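**Q** Here you go, upload13.txt (compact mmCIF, C-alpha atoms and all ligand atoms):
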# COMPACT_ATOMS: atom_id res chain seq x y z
CA MET A 1 7.43 62.64 26.45
CA PRO A 2 4.50 64.22 24.60
CA MET A 3 3.26 66.39 27.45
CA GLU A 4 1.11 69.27 26.30
CA HIS A 5 1.71 72.50 28.14
CA VAL A 6 -0.83 75.21 28.93
CA ASP A 7 0.53 78.56 30.05
CA GLY A 8 -0.97 80.29 33.04
CA GLU A 9 -0.39 81.48 36.56
CA ASP A 10 2.39 79.57 38.30
CA LYS A 11 0.94 77.43 41.10
CA GLY A 12 3.84 75.01 41.05
CA LYS A 13 4.10 71.96 38.89
CA ILE A 14 0.66 70.63 37.97
CA VAL A 15 0.30 67.51 35.84
CA LEU A 16 -2.96 66.06 34.56
CA PHE A 17 -2.94 62.42 33.45
CA ALA A 18 -5.97 61.98 31.24
CA LEU A 19 -7.64 59.96 28.49
CA SER A 20 -8.45 61.60 25.18
CA THR A 21 -11.84 59.85 25.09
CA CYS A 22 -13.05 60.69 28.59
CA GLN A 23 -15.53 63.49 29.28
CA TRP A 24 -14.61 63.88 32.97
CA CYS A 25 -10.98 64.30 31.89
CA ARG A 26 -12.10 66.95 29.43
CA LYS A 27 -14.05 68.79 32.12
CA THR A 28 -10.98 68.68 34.37
CA ARG A 29 -8.77 70.13 31.65
CA LEU A 30 -11.32 72.87 30.90
CA LEU A 31 -11.55 73.69 34.61
CA LEU A 32 -7.76 74.11 34.84
CA GLU A 33 -7.92 76.36 31.79
CA GLU A 34 -10.72 78.35 33.37
CA LEU A 35 -8.64 78.74 36.54
CA LYS A 36 -5.81 80.00 34.32
CA VAL A 37 -3.12 77.99 36.04
CA ASP A 38 0.07 76.76 34.39
CA PHE A 39 -0.19 73.00 33.82
CA SER A 40 0.82 70.06 31.65
CA TYR A 41 -1.38 67.21 30.50
CA ILE A 42 -0.88 63.91 28.78
CA TYR A 43 -3.34 61.53 27.10
CA VAL A 44 -2.27 58.11 28.30
CA ASP A 45 -4.53 56.23 25.87
CA LEU A 46 -2.63 57.72 22.92
CA LEU A 47 0.78 56.47 24.08
CA GLU A 48 2.40 53.31 22.81
CA GLY A 49 5.12 50.87 23.78
CA GLU A 50 7.67 51.74 26.42
CA GLU A 51 6.46 55.29 26.82
CA ARG A 52 3.01 54.00 27.66
CA SER A 53 4.29 51.49 30.25
CA GLU A 54 6.48 54.13 31.85
CA ILE A 55 3.64 56.61 32.24
CA ILE A 56 1.28 53.89 33.48
CA GLU A 57 3.77 53.00 36.23
CA GLU A 58 4.03 56.68 37.12
CA VAL A 59 0.24 57.10 37.35
CA LYS A 60 -0.02 53.96 39.51
CA LYS A 61 2.40 55.53 41.98
CA TYR A 62 -0.04 58.40 42.51
CA ASN A 63 -3.22 56.41 42.02
CA PRO A 64 -2.85 52.59 42.25
CA GLN A 65 -6.28 52.13 40.70
CA LEU A 66 -4.99 53.66 37.47
CA SER A 67 -8.14 55.67 36.88
CA PHE A 68 -8.52 58.97 35.07
CA PRO A 69 -8.33 61.89 35.41
CA THR A 70 -5.46 61.82 37.90
CA LEU A 71 -4.29 65.31 38.79
CA VAL A 72 -0.95 65.69 40.56
CA LEU A 73 -0.27 68.98 42.30
CA ASP A 74 3.02 70.55 43.22
CA ASP A 75 2.81 69.66 46.91
CA GLY A 76 2.30 66.02 46.00
CA ASP A 77 -1.44 66.14 46.53
CA VAL A 78 -3.34 63.90 44.15
CA ILE A 79 -6.90 64.56 43.04
CA VAL A 80 -8.57 61.58 41.39
CA GLY A 81 -11.64 62.09 39.23
CA PHE A 82 -13.44 65.29 38.28
CA ASN A 83 -13.67 66.77 41.77
CA GLU A 84 -14.54 70.35 40.87
CA GLU A 85 -14.70 71.65 44.43
CA GLY A 86 -11.49 69.91 45.44
CA ILE A 87 -9.62 71.34 42.47
CA ARG A 88 -10.97 74.86 42.98
CA GLU A 89 -10.02 74.76 46.65
CA ALA A 90 -6.57 73.33 46.06
CA LEU A 91 -5.77 75.95 43.44
CA ALA A 92 -7.51 78.93 45.02
CA MET B 1 -15.25 65.63 13.29
CA SER B 2 -16.26 65.12 9.67
CA GLN B 3 -19.80 65.01 8.36
CA THR B 4 -19.78 61.22 8.03
CA ASP B 5 -18.54 60.82 11.62
CA ASP B 6 -21.34 63.09 12.78
CA ALA B 7 -23.84 60.95 10.92
CA ARG B 8 -22.34 57.78 12.41
CA VAL B 9 -22.62 59.18 15.95
CA ASP B 10 -26.20 60.36 15.35
CA GLU B 11 -27.20 56.99 14.03
CA PHE B 12 -25.53 55.22 16.98
CA TYR B 13 -27.28 57.58 19.40
CA GLU B 14 -30.75 57.01 17.94
CA ARG B 15 -30.32 53.25 17.83
CA LEU B 16 -28.87 52.97 21.35
CA LYS B 17 -31.42 55.32 22.89
CA GLU B 18 -34.30 53.29 21.56
CA GLN B 19 -32.71 50.02 22.63
CA VAL B 20 -31.85 51.08 26.19
CA GLU B 21 -35.21 52.76 26.81
CA GLU B 22 -36.87 49.53 25.78
CA ALA B 23 -34.75 47.65 28.33
CA GLY B 24 -35.62 50.15 31.10
CA TYR B 25 -32.38 52.18 31.09
CA HIS B 26 -31.84 55.88 30.35
CA LEU B 27 -29.12 57.70 28.48
CA ASN B 28 -27.91 61.00 29.89
CA SER B 29 -30.28 63.70 28.58
CA ASP B 30 -27.35 66.09 28.02
CA VAL B 31 -27.21 65.18 24.34
CA GLU B 32 -23.90 66.90 23.66
CA PHE B 33 -22.17 65.09 26.54
CA THR B 34 -23.79 61.80 25.55
CA LYS B 35 -22.86 62.09 21.88
CA ALA B 36 -19.27 62.93 22.82
CA LEU B 37 -19.13 59.68 24.80
CA LEU B 38 -20.68 57.70 21.97
CA GLU B 39 -18.18 59.20 19.55
CA SER B 40 -15.40 58.02 21.88
CA ILE B 41 -16.86 54.52 22.03
CA LEU B 42 -16.76 54.46 18.21
CA VAL B 43 -13.16 55.72 18.33
CA ASN B 44 -12.30 52.84 20.69
CA GLU B 45 -14.15 50.39 18.47
CA ASP B 46 -11.95 51.46 15.56
CA ARG B 47 -8.82 51.58 17.70
CA TYR B 48 -9.13 48.31 19.65
CA GLY B 49 -11.76 46.32 17.77
CA TYR B 50 -14.22 46.60 20.69
CA GLY B 51 -16.15 49.49 22.19
CA ALA B 52 -14.16 49.95 25.38
CA CYS B 53 -15.37 52.36 28.06
CA PRO B 54 -14.26 55.89 27.10
CA CYS B 55 -13.35 56.81 30.69
CA ARG B 56 -11.10 53.84 31.34
CA LEU B 57 -7.72 52.86 29.95
CA ALA B 58 -8.24 49.88 27.64
CA SER B 59 -5.42 47.36 27.25
CA GLY B 60 -6.10 46.53 23.62
CA ILE B 61 -6.53 42.87 24.63
CA LYS B 62 -10.20 41.97 24.54
CA GLU B 63 -10.03 39.15 27.13
CA GLU B 64 -8.60 41.60 29.67
CA ASP B 65 -11.25 44.20 28.93
CA LEU B 66 -14.45 42.12 28.80
CA ASP B 67 -15.59 43.90 31.96
CA ILE B 68 -15.26 47.38 30.44
CA ILE B 69 -16.81 46.95 27.01
CA CYS B 70 -19.75 49.35 27.00
CA PRO B 71 -22.14 48.63 28.67
CA CYS B 72 -19.66 47.53 31.33
CA TYR B 73 -20.16 45.11 34.24
CA TYR B 74 -20.11 48.08 36.63
CA ARG B 75 -22.99 50.01 35.08
CA ASP B 76 -25.82 48.40 37.05
CA PRO B 77 -24.14 48.48 40.49
CA ASP B 78 -23.17 52.13 39.86
CA LEU B 79 -26.69 53.07 38.74
CA GLU B 80 -27.92 51.42 41.91
CA GLU B 81 -25.46 53.18 44.22
CA TYR B 82 -24.72 56.48 42.48
CA ASP B 83 -27.57 56.96 39.96
CA ALA B 84 -25.17 56.98 37.02
CA CYS B 85 -22.55 54.87 35.33
CA TYR B 86 -18.90 55.82 35.74
CA CYS B 87 -18.79 57.85 32.51
CA GLY B 88 -22.19 59.44 33.00
CA LEU B 89 -23.58 57.88 29.83
CA TYR B 90 -26.32 55.99 31.67
CA VAL B 91 -28.34 57.72 34.38
CA SER B 92 -31.13 56.74 36.78
CA GLY B 93 -34.73 57.92 36.53
CA ASP B 94 -34.02 60.35 39.39
CA ILE B 95 -31.27 62.08 37.44
CA LEU B 96 -33.33 62.06 34.27
CA SER B 97 -36.22 63.77 36.05
CA GLY B 98 -33.86 66.35 37.57
CA GLU B 99 -34.46 65.14 41.13
CA LYS B 100 -30.77 64.33 41.46
CA GLN B 101 -27.70 65.89 39.88
CA LEU B 102 -25.12 64.04 37.84
CA THR B 103 -21.66 64.04 39.42
CA ALA B 104 -18.43 62.16 38.82
CA ILE B 105 -18.38 58.94 40.85
CA PRO B 106 -15.57 56.72 42.18
CA GLU B 107 -14.08 53.95 40.05
CA ARG B 108 -15.51 50.53 40.89
CA ARG B 109 -13.26 48.50 38.60
CA PRO B 110 -10.54 46.74 40.61
CA ALA B 111 -6.98 48.07 40.37
CA PRO B 112 -4.83 46.40 37.67
CA ASP B 113 -3.12 44.09 40.19
CA GLU B 114 -6.43 42.91 41.59
CA ARG B 115 -8.18 42.04 38.35
CA ILE B 116 -9.08 38.48 37.53
CA VAL B 117 -8.84 37.69 33.84
CA ARG B 118 -10.69 34.67 32.55
CA SER B 119 -9.12 32.66 29.79
CA GLU B 120 -11.48 32.11 26.90
CA ASP B 121 -12.38 28.46 27.57
CA GLU B 122 -12.64 28.86 31.32
CA THR B 123 -16.21 28.65 32.54
CA GLY B 124 -15.70 30.63 35.73
CA THR B 125 -18.14 28.83 38.01
CA LEU B 126 -18.67 30.81 41.17
CA GLY B 127 -18.01 27.97 43.62
CA LEU B 128 -21.45 26.45 43.37
CA GLU B 129 -20.33 22.91 42.57
CA SER B 130 -22.70 21.46 45.17
CA ILE B 131 -25.67 21.72 42.85
CA SER B 132 -23.68 20.37 39.96
CA ASN B 133 -26.12 17.55 39.24
CA LEU B 134 -28.46 19.99 37.50
CA PRO B 135 -29.32 18.71 34.03
CA LEU B 136 -27.92 21.88 32.38
CA PRO B 137 -25.38 24.55 33.29
CA VAL B 138 -26.66 28.03 34.15
CA TRP B 139 -25.14 31.05 32.38
CA ARG B 140 -25.13 34.59 33.66
CA CYS B 141 -24.90 37.79 31.60
CA GLY B 142 -22.17 39.91 33.17
CA VAL B 143 -23.89 43.13 32.17
CA CYS B 144 -27.52 42.69 33.22
CA GLY B 145 -27.49 39.48 35.26
CA TYR B 146 -29.87 37.55 32.98
CA LEU B 147 -29.71 33.82 33.76
CA CYS B 148 -30.46 30.92 31.46
CA ALA B 149 -30.05 27.15 31.73
CA ARG B 150 -28.78 25.69 28.46
CA GLU B 151 -25.73 24.01 26.93
CA GLY B 152 -24.02 27.32 26.18
CA PRO B 153 -24.78 31.03 26.48
CA PRO B 154 -26.99 32.61 23.78
CA GLU B 155 -25.31 34.44 20.84
CA ILE B 156 -26.77 37.70 22.09
CA CYS B 157 -28.26 38.45 25.50
CA PRO B 158 -32.03 38.67 24.90
CA ILE B 159 -32.34 41.33 27.60
CA CYS B 160 -29.44 43.74 27.14
CA LYS B 161 -28.17 42.61 23.70
CA VAL B 162 -24.48 42.12 24.56
CA GLY B 163 -22.53 39.30 22.90
CA LYS B 164 -22.04 35.76 24.25
CA GLU B 165 -18.44 36.41 25.33
CA ARG B 166 -19.83 38.55 28.16
CA PHE B 167 -21.53 35.52 29.79
CA GLU B 168 -20.03 33.48 32.61
CA ARG B 169 -21.02 30.05 33.78
CA PHE B 170 -22.93 30.69 37.00
CA ILE B 171 -23.86 27.17 38.13
S1 LIG C 201 -21.80 51.86 30.85
FE1 LIG C 201 -20.88 53.86 31.27
S2 LIG C 201 -19.13 53.41 32.58
FE2 LIG C 201 -19.74 51.50 31.63
S3 LIG C 201 -18.53 51.35 29.76
FE3 LIG C 201 -20.41 52.33 29.17
S4 LIG C 201 -20.00 54.50 29.31
FE4 LIG C 201 -18.35 53.50 30.48
Have the structure of the file written as structure tokens, please.
Ligand code: SF4
**A**
Amino acid sequence: MPMEHVDGEDKGKIVLFALSTCQWCRKTRLLLEELKVDFSYIYVDLLEGEERSEIIEEVKKYNPQLSFPTLVLDDGDVIVGFNEEGIREALA
Amino acid sequence: MSQTDDARVDEFYERLKEQVEEAGYHLNSDVEFTKALLESILVNEDRYGYGACPCRLASGIKEEDLDIICPCYYRDPDLEEYDACYCGLYVSGDILSGEKQLTAIPERRPAPDERIVRSEDETGTLGLESISNLPLPVWRCGVCGYLCAREGPPEICPICKVGKERFERFI
């Protein structure tokens, strides 16, 4: 799976499901980088075939509306959309 | 981005800005943010053959995505309720003047399992059969709500300039 990894402080497993074309997704990624946490991200719009369907099903489990960005934190918390305050608080 | 892409985005920006201002809408005044979105719409145009919303996952099948071709069907309700469209490309007068701040807003598009996809020849009347003895059908633009009574929808919406495939039979 073509997950990109960004090294940083370990706050558990953090995965960002994003779209390569979306500005709110970009802001979310930049915020995680600013917070210097260890995380992985994947651009769902760039996937094809089976890989794409698999990831879509996974995102729907966390966020049935299948909207982006969907950020999944280690404790299972899911933050949908660019919720700057929510992300800062959750990762403080 | 290459020089030619830059030029393409600039040209798109100038053209769209003029067109939407004329129709009473406003593009986000953060030009960098706005141009990034327009660049993404062009990317989607090349990728899918239609300018799908940059902040939503397009299916690649136009019939399934008629609601999210920019400008999407959710722009006007979102401008009304949240002062911006989902991507933040279009903003209200209050945001433009600085009276309100742009923030990310919730997704209005139904979840994948709840979407209704119209087949191409379906007219999609909204249960208004009772006035069906009108001499002509009435068509509604899904983007701006423009209504017209004629045999078929116009090639291009005279108000918001979207194509005829975005119209639904209303009555
Ligand atoms: S109007 Fe806004 S939310 Fe709708 S498709 Fe265009 S950029 Fe996306």
**Q** Pick out the residues sitting within 12 Å of Lys13 of chain A, and hand them over as JSON, numbers by chain; count all atoms listed in the file, and ignore anything fewer than 4 positions along from it in its own chain.
**A** {"A": [5, 6, 7, 8, 9, 37, 38, 39, 40, 41, 71, 72, 73, 74, 75, 76, 77, 91]}
**Q** Report, in Å to a single decimal, how far apart atom CA of Arg150 of chain B and atom CA of Arg169 of chain B are.
**A**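 Answer for the atom CA of Arg169 of chain B to atom CA of Arg150 of chain B separation: 10.4 Å.
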**Q** Nearest to chain A among B:Val91, B:Val143, B:Ala58, B:Cys70, with distances taken over only C-alpha atoms: which residue is it?
**A**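 For chain A, the nearest of the given residues is B:Ala58.
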**Q** Could you tell me how far atom CA of Ser92 of chain B lies from atom CA of Cys25 of chain A, in Å and to one decimal?
**A**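 Going from atom CA of Ser92 of chain B over to atom CA of Cys25 of chain A, I get 22.1 Å.
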**Q** Could you work out which residues of chain A fall inside 10 Å of chain B? Count only C-alpha atoms, and format the result as a list in words.
**A**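 Residues satisfying the distance criterion: Ala18, Leu19, Ser20, Thr21, Cys22, Gln23, Trp24, Cys25, Val44, Asp45, Leu46, Ile56, Lys60, Asn63, Pro64, Gln65, Leu66, Ser67, Phe68, Pro69, Val80, Gly81, Phe82, Asn83 and Glu84 of chain A.
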**Q** Write the selection just made, keeping C-alpha atoms, as an mmCIF file, keeping the file's coordinate frame?
**A**
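Now in selection_18.cif:
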data_model
loop_
_atom_site.group_PDB
_atom_site.id
_atom_site.type_symbol
_atom_site.label_atom_id
_atom_site.label_comp_id
_atom_site.auth_asym_id
_atom_site.auth_seq_id
_atom_site.Cartn_x
_atom_site.Cartn_y
_atom_site.Cartn_z
ATOM 1 C CA ALA A 18 -5.970 61.980 31.240
ATOM 2 C CA LEU A 19 -7.640 59.960 28.490
ATOM 3 C CA SER A 20 -8.450 61.600 25.180
ATOM 4 C CA THR A 21 -11.840 59.850 25.090
ATOM 5 C CA CYS A 22 -13.050 60.690 28.590
ATOM 6 C CA GLN A 23 -15.530 63.490 29.280
ATOM 7 C CA TRP A 24 -14.610 63.880 32.970
ATOM 8 C CA CYS A 25 -10.980 64.300 31.890
ATOM 9 C CA VAL A 44 -2.270 58.110 28.300
ATOM 10 C CA ASP A 45 -4.530 56.230 25.870
ATOM 11 C CA LEU A 46 -2.630 57.720 22.920
ATOM 12 C CA ILE A 56 1.280 53.890 33.480
ATOM 13 C CA LYS A 60 -0.020 53.960 39.510
ATOM 14 C CA ASN A 63 -3.220 56.410 42.020
ATOM 15 C CA PRO A 64 -2.850 52.590 42.250
ATOM 16 C CA GLN A 65 -6.280 52.130 40.700
ATOM 17 C CA LEU A 66 -4.990 53.660 37.470
ATOM 18 C CA SER A 67 -8.140 55.670 36.880
ATOM 19 C CA PHE A 68 -8.520 58.970 35.070
ATOM 20 C CA PRO A 69 -8.330 61.890 35.410
ATOM 21 C CA VAL A 80 -8.570 61.580 41.390
ATOM 22 C CA GLY A 81 -11.640 62.090 39.230
ATOM 23 C CA PHE A 82 -13.440 65.290 38.280
ATOM 24 C CA ASN A 83 -13.670 66.770 41.770
ATOM 25 C CA GLU A 84 -14.540 70.350 40.870
#
**Q** Go ahead and compute the interatomic distance for atom CA of Tyr146 of chain B and atom CA of Arg166 of chain B, in Å to one decimal.
**A**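 Atom-to-atom, atom CA of Tyr146 of chain B and atom CA of Arg166 of chain B are spaced 11.2 Å apart.
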**Q** Would you please work out which residue, of A:Thr70, A:Ser53, A:Tyr62, A:Ile14, is nearest to Arg26 of chain A when using all atoms listed in the file?
**A**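 Comparing A:Thr70, A:Ser53, A:Tyr62, A:Ile14 against Arg26 of chain A, the winner is A:Thr70.
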**Q** Between B:Ala84, B:Leu102, B:Leu136, B:Cys141, single out the one closest to ligand LIG 201 (chain C), counting all atoms listed in the file.
**A** B:Ala84
**Q** Name the residues in contact with segment 11-18 of chain B at a cut-off of 9 Å, using all atoms listed in the file, excluding same-chain residues fewer than 5 positions from it; report them as a PDB file with C-alpha atoms, in the coordinates of the input.
**A**
ATOM      1  CA  ASP B   6     -21.340  63.090  12.780  1.00  0.00           C
ATOM      2  CA  ALA B  23     -34.750  47.650  28.330  1.00  0.00           C
ATOM      3  CA  TYR B  25     -32.380  52.180  31.090  1.00  0.00           C
ATOM      4  CA  HIS B  26     -31.840  55.880  30.350  1.00  0.00           C
ATOM      5  CA  LEU B  27     -29.120  57.700  28.480  1.00  0.00           C
ATOM      6  CA  THR B  34     -23.790  61.800  25.550  1.00  0.00           C
ATOM      7  CA  LYS B  35     -22.860  62.090  21.880  1.00  0.00           C
ATOM      8  CA  LEU B  38     -20.680  57.700  21.970  1.00  0.00           C
ATOM      9  CA  GLU B  39     -18.180  59.200  19.550  1.00  0.00           C
ATOM     10  CA  LEU B  42     -16.760  54.460  18.210  1.00  0.00           C
TER      11      LEU B  42
END
**Q** I'd like to know which of B:Asn28, B:Asn133, B:Gln19, B:Gln101 is closest to ligand LIG 201 (chain C), using only C-alpha atoms and all ligand atoms.
**A**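 Among the listed residues, B:Asn28 lies closest to ligand LIG 201 (chain C).
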**Q** Smallest atom-to-atom distance to Tyr50 of chain B: which of B:Gly163, B:Phe170, B:Ile95, B:Arg75, using only C-alpha atoms?
**A**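 The answer is B:Gly163, which sits nearest to Tyr50 of chain B.
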**Q** Residues within 12 Å of Cys157 of chain B, please, as a PDB file with C-alpha atoms, in the frame of the given file. Count all atoms listed in the file; anything in the same chain fewer than 3 positions from it doesn't count.
**A**
ATOM      1  CA  ALA B  23     -34.750  47.650  28.330  1.00  0.00           C
ATOM      2  CA  TRP B 139     -25.140  31.050  32.380  1.00  0.00           C
ATOM      3  CA  ARG B 140     -25.130  34.590  33.660  1.00  0.00           C
ATOM      4  CA  CYS B 141     -24.900  37.790  31.600  1.00  0.00           C
ATOM      5  CA  GLY B 142     -22.170  39.910  33.170  1.00  0.00           C
ATOM      6  CA  VAL B 143     -23.890  43.130  32.170  1.00  0.00           C
ATOM      7  CA  CYS B 144     -27.520  42.690  33.220  1.00  0.00           C
ATOM      8  CA  GLY B 145     -27.490  39.480  35.260  1.00  0.00           C
ATOM      9  CA  TYR B 146     -29.870  37.550  32.980  1.00  0.00           C
ATOM     10  CA  LEU B 147     -29.710  33.820  33.760  1.00  0.00           C
ATOM     11  CA  CYS B 148     -30.460  30.920  31.460  1.00  0.00           C
ATOM     12  CA  GLY B 152     -24.020  27.320  26.180  1.00  0.00           C
ATOM     13  CA  PRO B 153     -24.780  31.030  26.480  1.00  0.00           C
ATOM     14  CA  PRO B 154     -26.990  32.610  23.780  1.00  0.00           C
ATOM     15  CA  CYS B 160     -29.440  43.740  27.140  1.00  0.00           C
ATOM     16  CA  LYS B 161     -28.170  42.610  23.700  1.00  0.00           C
ATOM     17  CA  VAL B 162     -24.480  42.120  24.560  1.00  0.00           C
ATOM     18  CA  GLY B 163     -22.530  39.300  22.900  1.00  0.00           C
ATOM     19  CA  LYS B 164     -22.040  35.760  24.250  1.00  0.00           C
ATOM     20  CA  GLU B 165     -18.440  36.410  25.330  1.00  0.00           C
ATOM     21  CA  ARG B 166     -19.830  38.550  28.160  1.00  0.00           C
ATOM     22  CA  PHE B 167     -21.530  35.520  29.790  1.00  0.00           C
ATOM     23  CA  GLU B 168     -20.030  33.480  32.610  1.00  0.00           C
TER      24      GLU B 168
END
**Q** Padding 6 Å on every side, please: axis-aligned box over the listed atoms of segment 6-25 of chain A, centre and edge lengths to one decimal in Å, as lines of an AutoDock Vina configuration file.
**A**
center_x = -5.7
center_y = 70.7
center_z = 33.1
size_x = 31.6
size_y = 33.6
size_z = 28.0
**Q** Between A:Tyr43, A:Lys61, A:Lys36, A:Glu85, which is the closest to Leu16 of chain A once you count all atoms listed in the file?
**A** A:Tyr43
**Q** Because the input lacks atoms here, generate all heavy atoms for segment 4-12 of chain B and report them as a CSV table (one decimal), in the frame of the given file.
**A**
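Dumped everything to result23.csv:
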chain,number,residue,atom,x,y,z
B,4,THR,N,-19.4,62.6,7.9
B,4,THR,CA,-19.8,61.2,8.0
B,4,THR,C,-19.7,60.7,9.5
B,4,THR,O,-20.5,59.9,9.9
B,4,THR,CB,-18.9,60.4,7.1
B,4,THR,OG1,-17.6,61.0,7.1
B,4,THR,CG2,-19.4,60.2,5.8
B,5,ASP,N,-18.7,61.2,10.2
B,5,ASP,CA,-18.5,60.8,11.6
B,5,ASP,C,-19.8,61.3,12.4
B,5,ASP,O,-20.3,60.6,13.2
B,5,ASP,CB,-17.3,61.4,12.2
B,5,ASP,CG,-16.0,60.7,11.8
B,5,ASP,OD1,-16.2,59.6,11.3
B,5,ASP,OD2,-14.9,61.2,12.0
B,6,ASP,N,-20.2,62.5,12.1
B,6,ASP,CA,-21.3,63.1,12.8
B,6,ASP,C,-22.5,62.2,12.5
B,6,ASP,O,-23.3,61.9,13.5
B,6,ASP,CB,-21.7,64.5,12.2
B,6,ASP,CG,-21.0,65.6,13.0
B,6,ASP,OD1,-20.6,65.3,14.1
B,6,ASP,OD2,-20.9,66.7,12.5
B,7,ALA,N,-22.7,61.8,11.3
B,7,ALA,CA,-23.8,61.0,10.9
B,7,ALA,C,-23.8,59.6,11.6
B,7,ALA,O,-24.8,59.1,12.1
B,7,ALA,CB,-23.9,60.7,9.4
B,8,ARG,N,-22.5,59.1,11.8
B,8,ARG,CA,-22.3,57.8,12.4
B,8,ARG,C,-22.7,57.9,13.9
B,8,ARG,O,-23.4,57.0,14.4
B,8,ARG,CB,-20.9,57.4,12.3
B,8,ARG,CG,-20.6,55.9,12.3
B,8,ARG,CD,-19.1,55.6,12.1
B,8,ARG,NE,-18.7,54.4,12.8
B,8,ARG,CZ,-17.4,54.3,13.2
B,8,ARG,NH1,-16.5,55.2,13.0
B,8,ARG,NH2,-17.1,53.1,13.8
B,9,VAL,N,-22.3,59.0,14.5
B,9,VAL,CA,-22.6,59.2,16.0
B,9,VAL,C,-24.1,59.4,16.1
B,9,VAL,O,-24.7,58.7,17.0
B,9,VAL,CB,-21.9,60.4,16.5
B,9,VAL,CG1,-22.3,60.7,17.9
B,9,VAL,CG2,-20.4,60.2,16.5
B,10,ASP,N,-24.8,60.1,15.3
B,10,ASP,CA,-26.2,60.4,15.4
B,10,ASP,C,-27.0,59.1,15.2
B,10,ASP,O,-27.9,58.8,16.0
B,10,ASP,CB,-26.7,61.3,14.2
B,10,ASP,CG,-26.2,62.7,14.5
B,10,ASP,OD1,-25.8,63.0,15.7
B,10,ASP,OD2,-26.3,63.6,13.6
B,11,GLU,N,-26.5,58.3,14.3
B,11,GLU,CA,-27.2,57.0,14.0
B,11,GLU,C,-27.1,56.1,15.2
B,11,GLU,O,-28.0,55.4,15.7
B,11,GLU,CB,-26.6,56.4,12.8
B,11,GLU,CG,-27.4,55.2,12.2
B,11,GLU,CD,-26.8,53.9,12.6
B,11,GLU,OE1,-25.6,53.8,12.9
B,11,GLU,OE2,-27.5,52.9,12.6
B,12,PHE,N,-25.8,56.0,15.8
B,12,PHE,CA,-25.5,55.2,17.0
B,12,PHE,C,-26.4,55.7,18.1
B,12,PHE,O,-27.0,54.9,18.8
B,12,PHE,CB,-24.0,55.4,17.3
B,12,PHE,CG,-23.5,54.5,18.4
B,12,PHE,CD1,-24.2,53.4,18.9
B,12,PHE,CD2,-22.3,54.9,19.1
B,12,PHE,CE1,-23.7,52.6,19.9
B,12,PHE,CE2,-21.8,54.1,20.1
B,12,PHE,CZ,-22.5,53.0,20.5
